[in-house]
>>> print(open('input08.cif').read())   # mmCIF, C-alpha atoms
data_structure
loop_
_atom_site.label_atom_id
_atom_site.label_comp_id
_atom_site.auth_asym_id
_atom_site.auth_seq_id
_atom_site.Cartn_x
_atom_site.Cartn_y
_atom_site.Cartn_z
CA ILE A 23 84.53 142.00 85.17
CA SER A 24 84.85 138.81 83.14
CA LEU A 25 85.08 135.33 84.61
CA ALA A 26 86.09 132.75 82.00
CA ASN A 27 86.27 128.98 82.29
CA VAL A 28 89.26 127.92 80.19
CA GLY A 29 89.31 124.38 81.53
CA ALA A 30 87.77 121.16 80.22
CA ALA A 31 85.28 120.67 83.08
CA PRO A 32 82.42 122.93 84.14
CA ALA A 33 83.12 125.24 87.06
CA THR A 34 80.40 125.21 89.71
CA ARG A 35 79.56 127.29 92.77
CA ILE A 36 81.60 130.30 91.67
CA GLU A 37 81.92 133.10 94.22
CA ALA A 38 83.67 136.34 93.34
CA LYS A 39 84.71 138.82 96.03
CA GLY A 40 86.53 142.10 95.62
CA ASP A 41 88.06 144.90 97.65
CA ILE A 42 89.80 148.22 97.08
CA THR A 43 93.07 149.33 98.67
CA PRO A 44 93.42 151.95 100.12
CA PRO A 45 89.73 151.91 101.06
CA MET A 46 89.35 155.70 101.39
CA GLY A 47 88.85 157.83 98.27
CA LEU A 48 87.44 155.27 95.85
CA GLU A 49 84.03 153.75 96.38
CA GLY A 50 82.71 150.71 94.61
CA GLY A 51 79.94 148.24 95.17
CA GLY A 52 78.71 145.04 93.63
CA PHE A 53 82.01 143.13 93.61
CA ASP A 54 80.55 140.16 95.48
CA ARG A 55 78.69 137.86 93.10
CA SER A 56 77.97 134.18 92.94
CA PHE A 57 77.19 132.00 89.93
CA PHE A 58 75.95 128.44 89.85
CA GLU A 59 77.88 127.13 86.85
CA ILE A 60 80.12 128.25 83.98
CA PRO A 61 80.43 125.66 81.18
CA PRO A 62 83.88 124.93 79.70
CA GLY A 63 85.01 127.60 77.24
CA ASP A 64 82.30 130.04 78.35
CA GLU A 65 82.52 133.25 80.34
CA VAL A 66 80.34 135.42 82.55
CA ASN A 67 80.51 139.22 82.53
CA TYR A 68 79.27 141.70 85.10
CA SER A 69 80.01 145.32 85.80
CA VAL A 70 80.82 147.33 88.90
CA MET A 71 80.41 151.07 89.37
CA LEU A 72 83.40 152.90 90.83
CA SER A 73 83.21 156.44 92.16
CA GLY A 74 86.40 158.38 92.86
CA LYS A 75 86.27 160.95 95.64
CA ASP A 76 89.97 161.76 96.15
CA PRO A 77 92.73 161.73 93.52
CA GLY A 78 95.28 158.94 93.78
CA ASN A 79 96.26 155.41 92.76
CA TYR A 80 94.09 152.55 93.95
CA THR A 81 94.29 148.78 93.53
CA VAL A 82 91.20 146.64 92.99
CA HIS A 83 91.67 142.99 94.08
CA LEU A 84 89.30 140.27 92.92
CA LYS A 85 89.26 136.72 94.28
CA ALA A 86 87.19 133.95 92.69
CA THR A 87 86.62 130.57 94.32
CA PHE A 88 85.05 127.70 92.41
CA ASP A 89 84.63 123.95 92.30
CA GLY A 90 86.11 122.39 89.17
CA GLY A 91 86.64 118.86 87.93
CA ASP A 92 89.63 118.29 90.26
CA GLY A 93 88.35 119.97 93.45
CA SER A 94 88.00 123.53 94.63
CA ALA A 95 90.35 126.27 93.51
CA ILE A 96 91.02 129.96 94.10
CA ARG A 97 92.06 132.47 91.44
CA GLU A 98 93.06 136.04 92.16
CA GLY A 99 93.56 139.11 90.01
CA SER A 100 94.14 142.81 90.52
CA THR A 101 94.18 146.01 88.52
CA GLU A 102 95.28 149.60 89.07
CA VAL A 103 92.76 152.44 89.03
CA VAL A 104 93.96 156.04 88.78
CA VAL A 105 91.65 158.83 89.95
CA LEU A 106 92.69 162.22 88.59
CA LYS A 107 92.05 165.63 90.05
CA ARG A 108 89.01 167.34 88.55
CA GLU A 109 89.94 170.18 86.26
CA TYR A 110 87.63 173.06 85.64
CA LYS A 111 87.70 173.86 81.95
CA TYR A 112 86.32 177.37 82.03
CA GLU A 113 88.40 179.03 84.75
CA TYR A 114 89.92 181.41 82.22
CA LEU A 115 86.45 182.87 81.59
CA LEU A 116 86.53 184.33 85.10
CA LEU A 117 89.42 186.52 84.00
CA LEU A 118 87.33 187.90 81.15
CA ILE A 119 84.70 189.41 83.45
CA PRO A 120 86.90 192.25 84.84
CA ILE A 121 88.36 192.87 81.38
CA VAL A 122 84.88 193.22 79.85
CA ILE A 123 83.84 195.59 82.64
CA ILE A 124 86.90 197.80 82.08
CA ILE A 125 86.37 197.86 78.31
CA ALA A 126 82.67 198.78 78.76
CA TRP A 127 83.60 201.56 81.18
CA LEU A 128 86.26 202.94 78.79
CA TYR A 129 83.83 202.82 75.86
CA ARG A 130 81.18 204.67 77.85
CA ARG A 131 83.70 207.35 78.88
CA HIS A 132 84.81 207.68 75.27
CA ARG A 133 81.22 208.24 74.10
CA GLU A 134 80.59 210.82 76.85
CA TYR A 135 83.59 212.98 75.92
CA LYS A 136 83.44 212.45 72.15
CA TYR A 137 81.24 215.50 71.54
#
>>> encode(input="input08.cif", output="structure tokens")
Amino acid sequence: ISLANVGAAPATRIEAKGDITPPMGLEGGGFDRSFFEIPPGDEVNYSVMLSGKDPGNYTVHLKATFDGGDGSAIREGSTEVVVLKREYKYEYLLLLIPIVIIIAWLYRRHREYKY
């Protein structure tokens, strides 16, 4: 998450708060942060870990309040997060097990009756 001060005055007492909608299925922590000051033209970055439990579309809302040169202000932003269903890459290998067993059995029978 990046908070940038694009104004001409320093932003002070910055508080960032975030939430996830719908709240079930996607877990995240560490949205709530506070910073003392961001100088003009500078930015502050921090990261948040998200953990998806159920597939679906989720919206992450972030609200930042700060005191600028002309009083206090609130800025909001949101982004979409898509959690996909987990795919198991090697499911087709389970089909190979019975095929290998049948081939081994046929090979053994062939060797027994070859002579």
>>> residues_near_point(input="input08.cif", point="(81.8, 124.1, 92.3)", cutoff="9 Å", atoms="all atoms listed in the file", output="NGL selection string")
:A and (32-36 or 58-59 or 87-91 or 93-95)
>>> write_last_selection(input="input08.cif", atoms="C-alpha atoms", output="PDB file, in the frame of the given file")
ATOM      1  CA  PRO A  32      82.420 122.930  84.140  1.00  0.00           C
ATOM      2  CA  ALA A  33      83.120 125.240  87.060  1.00  0.00           C
ATOM      3  CA  THR A  34      80.400 125.210  89.710  1.00  0.00           C
ATOM      4  CA  ARG A  35      79.560 127.290  92.770  1.00  0.00           C
ATOM      5  CA  ILE A  36      81.600 130.300  91.670  1.00  0.00           C
ATOM      6  CA  PHE A  58      75.950 128.440  89.850  1.00  0.00           C
ATOM      7  CA  GLU A  59      77.880 127.130  86.850  1.00  0.00           C
ATOM      8  CA  THR A  87      86.620 130.570  94.320  1.00  0.00           C
ATOM      9  CA  PHE A  88      85.050 127.700  92.410  1.00  0.00           C
ATOM     10  CA  ASP A  89      84.630 123.950  92.300  1.00  0.00           C
ATOM     11  CA  GLY A  90      86.110 122.390  89.170  1.00  0.00           C
ATOM     12  CA  GLY A  91      86.640 118.860  87.930  1.00  0.00           C
ATOM     13  CA  GLY A  93      88.350 119.970  93.450  1.00  0.00           C
ATOM     14  CA  SER A  94      88.000 123.530  94.630  1.00  0.00           C
ATOM     15  CA  ALA A  95      90.350 126.270  93.510  1.00  0.00           C
TER      16      ALA A  95
END
>>> residues_near_point(input="input08.cif", point="(88.7, 161.7, 98.2)", cutoff="12 Å", atoms="only C-alpha atoms", output="PDB file with C-alpha atoms, in the coordinates of the input")
ATOM      1  CA  PRO A  44      93.420 151.950 100.120  1.00  0.00           C
ATOM      2  CA  PRO A  45      89.730 151.910 101.060  1.00  0.00           C
ATOM      3  CA  MET A  46      89.350 155.700 101.390  1.00  0.00           C
ATOM      4  CA  GLY A  47      88.850 157.830  98.270  1.00  0.00           C
ATOM      5  CA  LEU A  48      87.440 155.270  95.850  1.00  0.00           C
ATOM      6  CA  GLU A  49      84.030 153.750  96.380  1.00  0.00           C
ATOM      7  CA  SER A  73      83.210 156.440  92.160  1.00  0.00           C
ATOM      8  CA  GLY A  74      86.400 158.380  92.860  1.00  0.00           C
ATOM      9  CA  LYS A  75      86.270 160.950  95.640  1.00  0.00           C
ATOM     10  CA  ASP A  76      89.970 161.760  96.150  1.00  0.00           C
ATOM     11  CA  PRO A  77      92.730 161.730  93.520  1.00  0.00           C
ATOM     12  CA  GLY A  78      95.280 158.940  93.780  1.00  0.00           C
ATOM     13  CA  ASN A  79      96.260 155.410  92.760  1.00  0.00           C
ATOM     14  CA  TYR A  80      94.090 152.550  93.950  1.00  0.00           C
ATOM     15  CA  VAL A 105      91.650 158.830  89.950  1.00  0.00           C
ATOM     16  CA  LEU A 106      92.690 162.220  88.590  1.00  0.00           C
ATOM     17  CA  LYS A 107      92.050 165.630  90.050  1.00  0.00           C
ATOM     18  CA  ARG A 108      89.010 167.340  88.550  1.00  0.00           C
TER      19      ARG A 108
END
>>> atom_distance(input="input08.cif", atom1="CA of Phe53 (chain A)", atom2="CA of Leu72 (chain A)")
10.3 Å
>>> closest_residue(input="input08.cif", among="A:Ile42, A:Ile60, A:Leu116, A:Ile124", to="Gly29 (chain A)", atoms="all atoms listed in the file")
A:Ile60
>>> atom_distance(input="input08.cif", atom1="CA of Lys85 (chain A)", atom2="CA of Val28 (chain A)")
16.6 Å
>>> resolve_selection(input="input08.cif", expression="the PyMOL selection byres ((chain A and resi 24) around 9)", output="mmCIF file with C-alpha atoms, keeping the file's coordinate frame")
data_model
loop_
_atom_site.group_PDB
_atom_site.id
_atom_site.type_symbol
_atom_site.label_atom_id
_atom_site.label_comp_id
_atom_site.auth_asym_id
_atom_site.auth_seq_id
_atom_site.Cartn_x
_atom_site.Cartn_y
_atom_site.Cartn_z
ATOM 1 C CA ILE A 23 84.530 142.000 85.170
ATOM 2 C CA LEU A 25 85.080 135.330 84.610
ATOM 3 C CA ALA A 26 86.090 132.750 82.000
ATOM 4 C CA GLU A 65 82.520 133.250 80.340
ATOM 5 C CA VAL A 66 80.340 135.420 82.550
ATOM 6 C CA ASN A 67 80.510 139.220 82.530
ATOM 7 C CA TYR A 68 79.270 141.700 85.100
ATOM 8 C CA SER A 69 80.010 145.320 85.800
#
>>> atom_distance(input="input08.cif", atom1="CA of Lys39 (chain A)", atom2="CA of Leu84 (chain A)")
5.7 Å
>>> decode(input="input08.cif", residues="region 70-81 of chain A", atoms="all heavy atoms", output="compact mmCIF listing (two decimals), in the first residue's frame")
# COMPACT_ATOMS: atom_id res chain seq x y z
N VAL A 70 0.63 -5.55 3.29
CA VAL A 70 -0.38 -6.28 4.05
C VAL A 70 -0.46 -7.69 3.48
O VAL A 70 -0.46 -7.86 2.27
CB VAL A 70 -1.75 -5.58 3.93
CG1 VAL A 70 -2.83 -6.37 4.62
CG2 VAL A 70 -1.69 -4.18 4.48
N MET A 71 -0.50 -8.68 4.35
CA MET A 71 -0.64 -10.06 3.90
C MET A 71 -2.12 -10.41 3.82
O MET A 71 -2.87 -10.21 4.76
CB MET A 71 0.04 -11.03 4.88
CG MET A 71 1.53 -11.05 4.76
SD MET A 71 2.08 -11.70 3.19
CE MET A 71 1.77 -13.41 3.40
N LEU A 72 -2.52 -10.97 2.66
CA LEU A 72 -3.88 -11.44 2.47
C LEU A 72 -3.84 -12.95 2.30
O LEU A 72 -2.95 -13.48 1.63
CB LEU A 72 -4.50 -10.80 1.23
CG LEU A 72 -4.68 -9.29 1.25
CD1 LEU A 72 -5.18 -8.80 -0.09
CD2 LEU A 72 -5.64 -8.90 2.35
N SER A 73 -4.81 -13.63 2.89
CA SER A 73 -4.89 -15.08 2.79
C SER A 73 -6.31 -15.46 2.38
O SER A 73 -7.27 -15.20 3.10
CB SER A 73 -4.55 -15.71 4.14
OG SER A 73 -4.72 -17.10 4.10
N GLY A 74 -6.43 -16.05 1.18
CA GLY A 74 -7.73 -16.45 0.67
C GLY A 74 -8.11 -17.84 1.12
O GLY A 74 -7.35 -18.79 0.96
N LYS A 75 -9.28 -17.98 1.71
CA LYS A 75 -9.78 -19.27 2.16
C LYS A 75 -10.82 -19.84 1.20
O LYS A 75 -10.82 -21.03 0.93
CB LYS A 75 -10.40 -19.14 3.56
CG LYS A 75 -9.46 -18.60 4.60
CD LYS A 75 -8.30 -19.53 4.84
CE LYS A 75 -7.40 -18.96 5.91
NZ LYS A 75 -6.16 -19.65 6.03
N ASP A 76 -11.71 -19.00 0.70
CA ASP A 76 -12.77 -19.42 -0.20
C ASP A 76 -12.64 -18.66 -1.51
O ASP A 76 -12.34 -17.47 -1.51
CB ASP A 76 -14.15 -19.14 0.40
CG ASP A 76 -14.40 -19.93 1.67
OD1 ASP A 76 -13.91 -21.08 1.75
OD2 ASP A 76 -15.07 -19.41 2.58
N PRO A 77 -12.88 -19.33 -2.66
CA PRO A 77 -12.81 -18.61 -3.93
C PRO A 77 -13.93 -17.58 -4.05
O PRO A 77 -15.03 -17.76 -3.52
CB PRO A 77 -12.96 -19.71 -4.98
CG PRO A 77 -13.54 -20.88 -4.28
CD PRO A 77 -13.19 -20.74 -2.84
N GLY A 78 -13.63 -16.48 -4.73
CA GLY A 78 -14.63 -15.43 -4.94
C GLY A 78 -13.98 -14.09 -5.21
O GLY A 78 -12.77 -13.96 -5.27
N ASN A 79 -14.83 -13.07 -5.37
CA ASN A 79 -14.38 -11.70 -5.59
C ASN A 79 -14.56 -10.91 -4.31
O ASN A 79 -15.63 -10.93 -3.71
CB ASN A 79 -15.18 -11.04 -6.71
CG ASN A 79 -14.93 -11.70 -8.05
OD1 ASN A 79 -13.90 -12.32 -8.26
ND2 ASN A 79 -15.88 -11.56 -8.95
N TYR A 80 -13.52 -10.20 -3.92
CA TYR A 80 -13.55 -9.43 -2.69
C TYR A 80 -13.09 -8.00 -3.00
O TYR A 80 -12.34 -7.78 -3.94
CB TYR A 80 -12.60 -10.05 -1.64
CG TYR A 80 -12.98 -11.47 -1.30
CD1 TYR A 80 -12.39 -12.54 -1.97
CD2 TYR A 80 -13.93 -11.74 -0.35
CE1 TYR A 80 -12.74 -13.84 -1.68
CE2 TYR A 80 -14.29 -13.04 -0.04
CZ TYR A 80 -13.69 -14.09 -0.72
OH TYR A 80 -14.05 -15.38 -0.43
N THR A 81 -13.55 -7.07 -2.19
CA THR A 81 -13.17 -5.67 -2.34
C THR A 81 -12.45 -5.23 -1.08
O THR A 81 -12.94 -5.43 0.03
CB THR A 81 -14.41 -4.79 -2.56
OG1 THR A 81 -15.14 -5.28 -3.68
CG2 THR A 81 -14.03 -3.36 -2.81
